[in-house]
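Enquirer: Got a structure for you, questions after.
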Amino acid sequence: MGELYERLRQRVDKVSALGDFQRPLRVLRRLVGIPSCAKALVQHPKWIPNKDQIMLIGEGRVMELSSLLGSFFHVSAIPDPEFPSQPDVGQQCFSDASSCRPADLLSSFATIKSVMNNLQDGLRDVLLVLLKNLDTRDKVLEYLAEVINTNVGRSGMQVDPFKCASAGMFLNLSAVMLRLCEPFLDQMESKKDKIDVKYLFCNDRINFKDLTAINASSEQVSSWIESWSHAHAAEDDATSSGKSSSSVSLPSKGARGSKKDNFSFICECFFMTARVLNMGLMKAVADFKHLSQDLARYEDDLESNETMRDQGQSSPQLEQDIERLEKIVAVLSQDKFCYEAQILRDGAFLQRALSFYRLMILWSADLVGGFKMPLPSQCPKEFSCIPEHFLDDALDLLALTSRVPKALEGFPLDDFLNFNIMFMASSSYIKNPYLKAKMVEVLNCWMPQRSGLESTASLFEGHQLCLDYLVKNLLKLYVDIEFTGSHTQFFDKFNIRHNIAELLEYLWDVPSHRNAWRQIAKEEEKGVYLNFLNFLINDSIYLLDESLNKILQLKEIEAEMADTVAWSSRPAQEREERLRVFHQSENIVRFDMKLANEDVGMLAFTSEQIPAPLLLPEMVERVASMLNYFLLQLAGPNRKSLTVKDPEKYEFKPKQLLKQIVTIYVHIARGDKEAIFPAAISKDGRSYNEQLFASAVQILWKIGVDRQIIQEFTQLADKAKATASEAMDAEAILGDIPDEFLDPIQYTLMEDPVILPSSRVTIDRPVIVRHLLSDSTDPFNRSHLTQDMLLPDTDLKLRIQEFVRSQQSRKRPSDIGEPDGAADSMVE
């Protein structure tokens, strides 16, 4: 039998999905049905080959290229440049994909899907027969464990193709493992109790302990396992002394045999499948994303070069650039279609994977007591120590399938929704901010206008957990994501907040969620909601600044390209680099302007019904200066320098933006019962100018803004002008203010001085509170600081008030044309 099995392996060696693998596979299926032949297969020297037999490649590749089943698993449509198979699937099916008819493309997809399913069904049958046979079961599990253990490198960002098995092999193994899981996926509620979390730390096949845990360090995981082992060892001693124990005893290090059998096949299969999917399907999905990004970048470069040629800028160098880019695009397109054929076009494959991760989510939630809020105050060790990729992969798959048409049709998403809501804002359970961000990304994909599924509307509008916690947790995450801990955190936070903002905008239009939002703003006015508004304003200012600077850069490069003679005389590498900068700037402007529009839009619709937090002492001047700054850019003297050829292409909509800014002014003014907003507007020394408001009114009439809005905006401008005049008079009354009465940051007269406990500096309360909204440290020595730690300086406050009274009493109000009572209001 040994020679026969080796000949079967050789028959499928380096055979692709379009080659003849089906006859050898049929023979293999027949042979394993004979008990003696099945036993001969698992006892063959190449069932798990000697890893030292091929010195130039690593153990993972040896398992693929030399093991009896490895060559069958290698059969794939996915390209493997280092060990190519024939016939070449990309060349055969997608060589003219850009010009072929859609029907031909669909036919190629269907062919690949069909043959791969035949292969995967056949391999599932082979493994199933061997697993049902008690003489061969352990050898099959040993083989699967060996494939996993020798290919841990596939979990990394960069995979060495000579050390690790191919993407094709692990995609096939993923599909086969999911088929083996099907019986308990159909009955997951009753079977999930058989999945024992202790397998992660106490099995003797696969090492999970070195994987990144959800919310525990490797030292914490080791310490927990050690204490667990001691506890169970004591239980085992008690049992051997005649005392009963219902607990499952832990296997000793390196133990084999009876103790290992404590874990059911369902348990072993579940955790092995989780590892295989991480290295197989999910790694292939990540590769597909990177491939698509590379292809898009080269297609942009090719399009720009072709446009230059069409405009009469042809040159030998340009033709060489175009020819080179066309070849790269052709190869990448073929590879992309191969991945698409074997992953995205196989709906049954994706549905099985979704079912598996639904079980993963249910099992994980059970570790913390099920789908209940609030979460336990302390994260259970069982949950904190599970590998992070278990949940990360589930969310990545959900994000992928949410973008594949019809992939989620008919699939129950309730458990995923509950899980995401429970954990998205809990740092004591989920340590990685990017994992929480993926939860929002998935929910964002499920918004009815994006998903195209009516069923997703009922997800958001009909679940009690969603109605009670979704808005609250989104607002909290918006704040928490300010610091991700990554070197790219500055840019990442904008991507994350973009998804949160889109989701919040949708939820605002759902009455039940809007009511929840209003309630949160009322209850958390001085807490998380104020932090949320602060970061919303910070982001708006930064994004607008960045966008406007990039627009000027775009205009500069456009001018360079317009000079065709000078442009064509530049070296090809320099032209390509400038084009890349141009495309990058375009993308940045498009993204930043989209986010700026979202942020301003959110302030516009929330300020109408929730203006109170924007009028708090620590917030009102910040809001006023932001609005003034936007008004200066959109209605000021330099606005015409921002004209570009196609502003809509960059999401730059100055008229719409101006309307929204003016609407926010009016909304806040309507809620301003104490008339503090006009003073805050006029205090802004950087952007405020009474003529600016007059110019804005002229533009508003031209672009057709509602008459009522313009009238209220004009009234607000008049009030700001009047308060500016009053402030100048008040300043004249006060004269030279002693330094000890001035805020050390703003150099304005303090109204509510407080002492910082660590640095002992005295500062005005609104100023330090505004600082603490973004940074919880003392600005003078960087020590930790919170609002409740501020110490009122009552003595200084009384002396400031006495100073103001004494200065006012020296000058009669009539001396400076100040109306009676103004001095009293200033003291107040």
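By order in the structure tokens, chains are A, B, ...; within a chain, residues start at 1; ligands start at 1, following the order shown.
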From a backbone DSSP assignment, name each residue in range 344-576 of chain A labelled alpha helix (DSSP H), as a ChimeraX atom specification.
Expert: /A:347-366,381-384,388-401,414-423,433-445,448-451,455-462,464-480,489-508,511-523,528-562,564-568,572-576
Enquirer: Just the residues within 8 Å of range 33-42 of chain A, please, counting only C-alpha atoms, with nothing from its chain fewer than 6 positions along; format it as number ranges by chain.
Expert: A: 1-2, 5, 129-130, 133, 135-136, 139-140
Enquirer: Just the residues within 10 Å of Leu477 in chain A, please, counting only C-alpha atoms, with nothing from its chain fewer than 5 positions along; format it as an NGL selection string.
Expert: :A and (424-427 or 433 or 436-437 or 440 or 471-472 or 482 or 496-497 or 500 or 528 or 532)
Enquirer: Could you check which of A:Gln120, A:Ser725, A:Ser402, A:Ser428 is closest to Gln22 in chain A, using only C-alpha atoms?
Expert: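 Closest candidate: A:Gln120.
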Enquirer: Within 12 Å of range 746-753 of chain A, counting only C-alpha atoms, which residues show up once you throw out same-chain ones fewer than 6 positions away? Write them as an MDAnalysis selection string, please.
Expert: chainID A and resid 617:618 621 683:685 730:731 734:740 760:771 790:804 826:828
Enquirer: Can you work out which one of A:Ala596, A:Ile557, A:Leu465, A:Met169 has the shortest atom-to-atom distance to Met422 in chain A, counting only C-alpha atoms?
Expert: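 Ranking A:Ala596, A:Ile557, A:Leu465, A:Met169 by distance to Met422 in chain A, first place goes to A:Leu465.
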Enquirer: Excluding Gln320 in chain A and any residue of its chain fewer than 4 positions from it, enumerate the residues within 12 Å of it, using only C-alpha atoms, and give them as a VMD selection string.
Expert: chain A and resid 302 305 to 306 309 314 to 316 324 to 327 572 to 573
Enquirer: CA of Leu579 in chain A and CA of Pro654 in chain A are how many Å apart?
Expert: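 Separation between CA of Leu579 in chain A and CA of Pro654 in chain A: 26.3 Å.
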Enquirer: Using CA of Leu318 in chain A and CA of Ser585 in chain A as the two end points, give the distance in Å to one decimal.
Expert: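 Computed distance, CA of Leu318 in chain A to CA of Ser585 in chain A, equals 22.6 Å.
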Enquirer: Using only C-alpha atoms, find each residue of range 105-186 of chain A with at least one atom at most 8 Å away from an atom of range 201-219 of chain A; report its shortest atom-to-atom pair and that distance in Å (one decimal), sort the rows by chain and rising residue number, and return the result as CSV.
Expert:
residue,atom,partner,partner_atom,distance
A:Glu142,CA,A:Arg205,CA,7.2
A:Ala145,CA,A:Arg205,CA,5.9
A:Ile148,CA,A:Ile206,CA,7.7
A:Asn149,CA,A:Ile206,CA,6.6
Enquirer: Can you tell me, as a ChimeraX atom specification, what residues are no more than 10 Å from Arg26 in chain A when counting only C-alpha atoms, ignoring any on the same chain fewer than 4 positions away?
Expert: /A:21-22,30-31,119,122-123,126
Enquirer: Save out the residues we just selected, N, CA and C atoms, as a short mmCIF file (atom, residue, chain, number, x, y, z; two decimals), in the first residue's frame.
Expert:
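That gives us selection01.cif:
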data_model
loop_
_atom_site.label_atom_id
_atom_site.label_comp_id
_atom_site.auth_asym_id
_atom_site.auth_seq_id
_atom_site.Cartn_x
_atom_site.Cartn_y
_atom_site.Cartn_z
N PHE A 21 -7.32 16.00 -10.76
CA PHE A 21 -7.11 15.51 -9.40
C PHE A 21 -8.25 14.59 -8.98
N GLN A 22 -9.31 14.54 -9.79
CA GLN A 22 -10.53 13.87 -9.33
C GLN A 22 -10.39 12.34 -9.32
N ARG A 30 -12.01 5.47 -1.92
CA ARG A 30 -12.36 4.04 -1.87
C ARG A 30 -11.43 3.28 -0.91
N LEU A 31 -10.15 3.63 -0.99
CA LEU A 31 -9.17 2.89 -0.18
C LEU A 31 -9.40 3.10 1.32
N LEU A 119 -13.36 18.88 -4.76
CA LEU A 119 -12.13 18.53 -4.03
C LEU A 119 -12.38 18.54 -2.52
N GLY A 122 -14.56 15.76 -1.28
CA GLY A 122 -13.82 14.49 -1.29
C GLY A 122 -12.87 14.38 -0.12
N LEU A 123 -12.14 15.46 0.18
CA LEU A 123 -11.21 15.43 1.31
C LEU A 123 -11.95 15.33 2.64
N VAL A 126 -12.81 11.70 3.09
CA VAL A 126 -11.63 10.91 3.48
C VAL A 126 -11.37 11.07 4.98
#
Enquirer: Hey, which bits of range 297-389 of chain A sit within 10 Å of range 54-77 of chain A, and for each residue what's the closest pair of atoms and how far apart in Å (one decimal), counting only C-alpha atoms, rows by chain and increasing number, as JSON lines?
Expert:
{"residue": "A:Asp335", "atom": "CA", "partner": "A:Ala77", "partner_atom": "CA", "distance": 9.2}
{"residue": "A:Phe337", "atom": "CA", "partner": "A:Ala77", "partner_atom": "CA", "distance": 9.6}
{"residue": "A:Cys338", "atom": "CA", "partner": "A:Ala77", "partner_atom": "CA", "distance": 5.8}
{"residue": "A:Tyr339", "atom": "CA", "partner": "A:Ala77", "partner_atom": "CA", "distance": 7.5}
{"residue": "A:Glu340", "atom": "CA", "partner": "A:Ala77", "partner_atom": "CA", "distance": 9.8}
{"residue": "A:Ala341", "atom": "CA", "partner": "A:Ala77", "partner_atom": "CA", "distance": 7.9}
{"residue": "A:Gln342", "atom": "CA", "partner": "A:Ala77", "partner_atom": "CA", "distance": 6.8}
Enquirer: What is the distance, in Å and to one decimal place, between CA of Trp701 in chain A and CA of Leu536 in chain A?
Expert: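 CA of Trp701 in chain A sits 28.8 Å away from CA of Leu536 in chain A.
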Enquirer: Which of these residues is nearest to Ser774 in chain A, using only C-alpha atoms: A:Leu756, A:Leu533, A:Leu700, A:Val565?
Expert: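 Residue with the minimum atom-to-atom distance to Ser774 in chain A: A:Leu533.
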Enquirer: For Ser687 in chain A, which residue among A:Leu631, A:Gln708, A:Asp138, A:Arg639 is the nearest when counting only C-alpha atoms?
Expert: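 Residue with the minimum atom-to-atom distance to Ser687 in chain A: A:Leu631.
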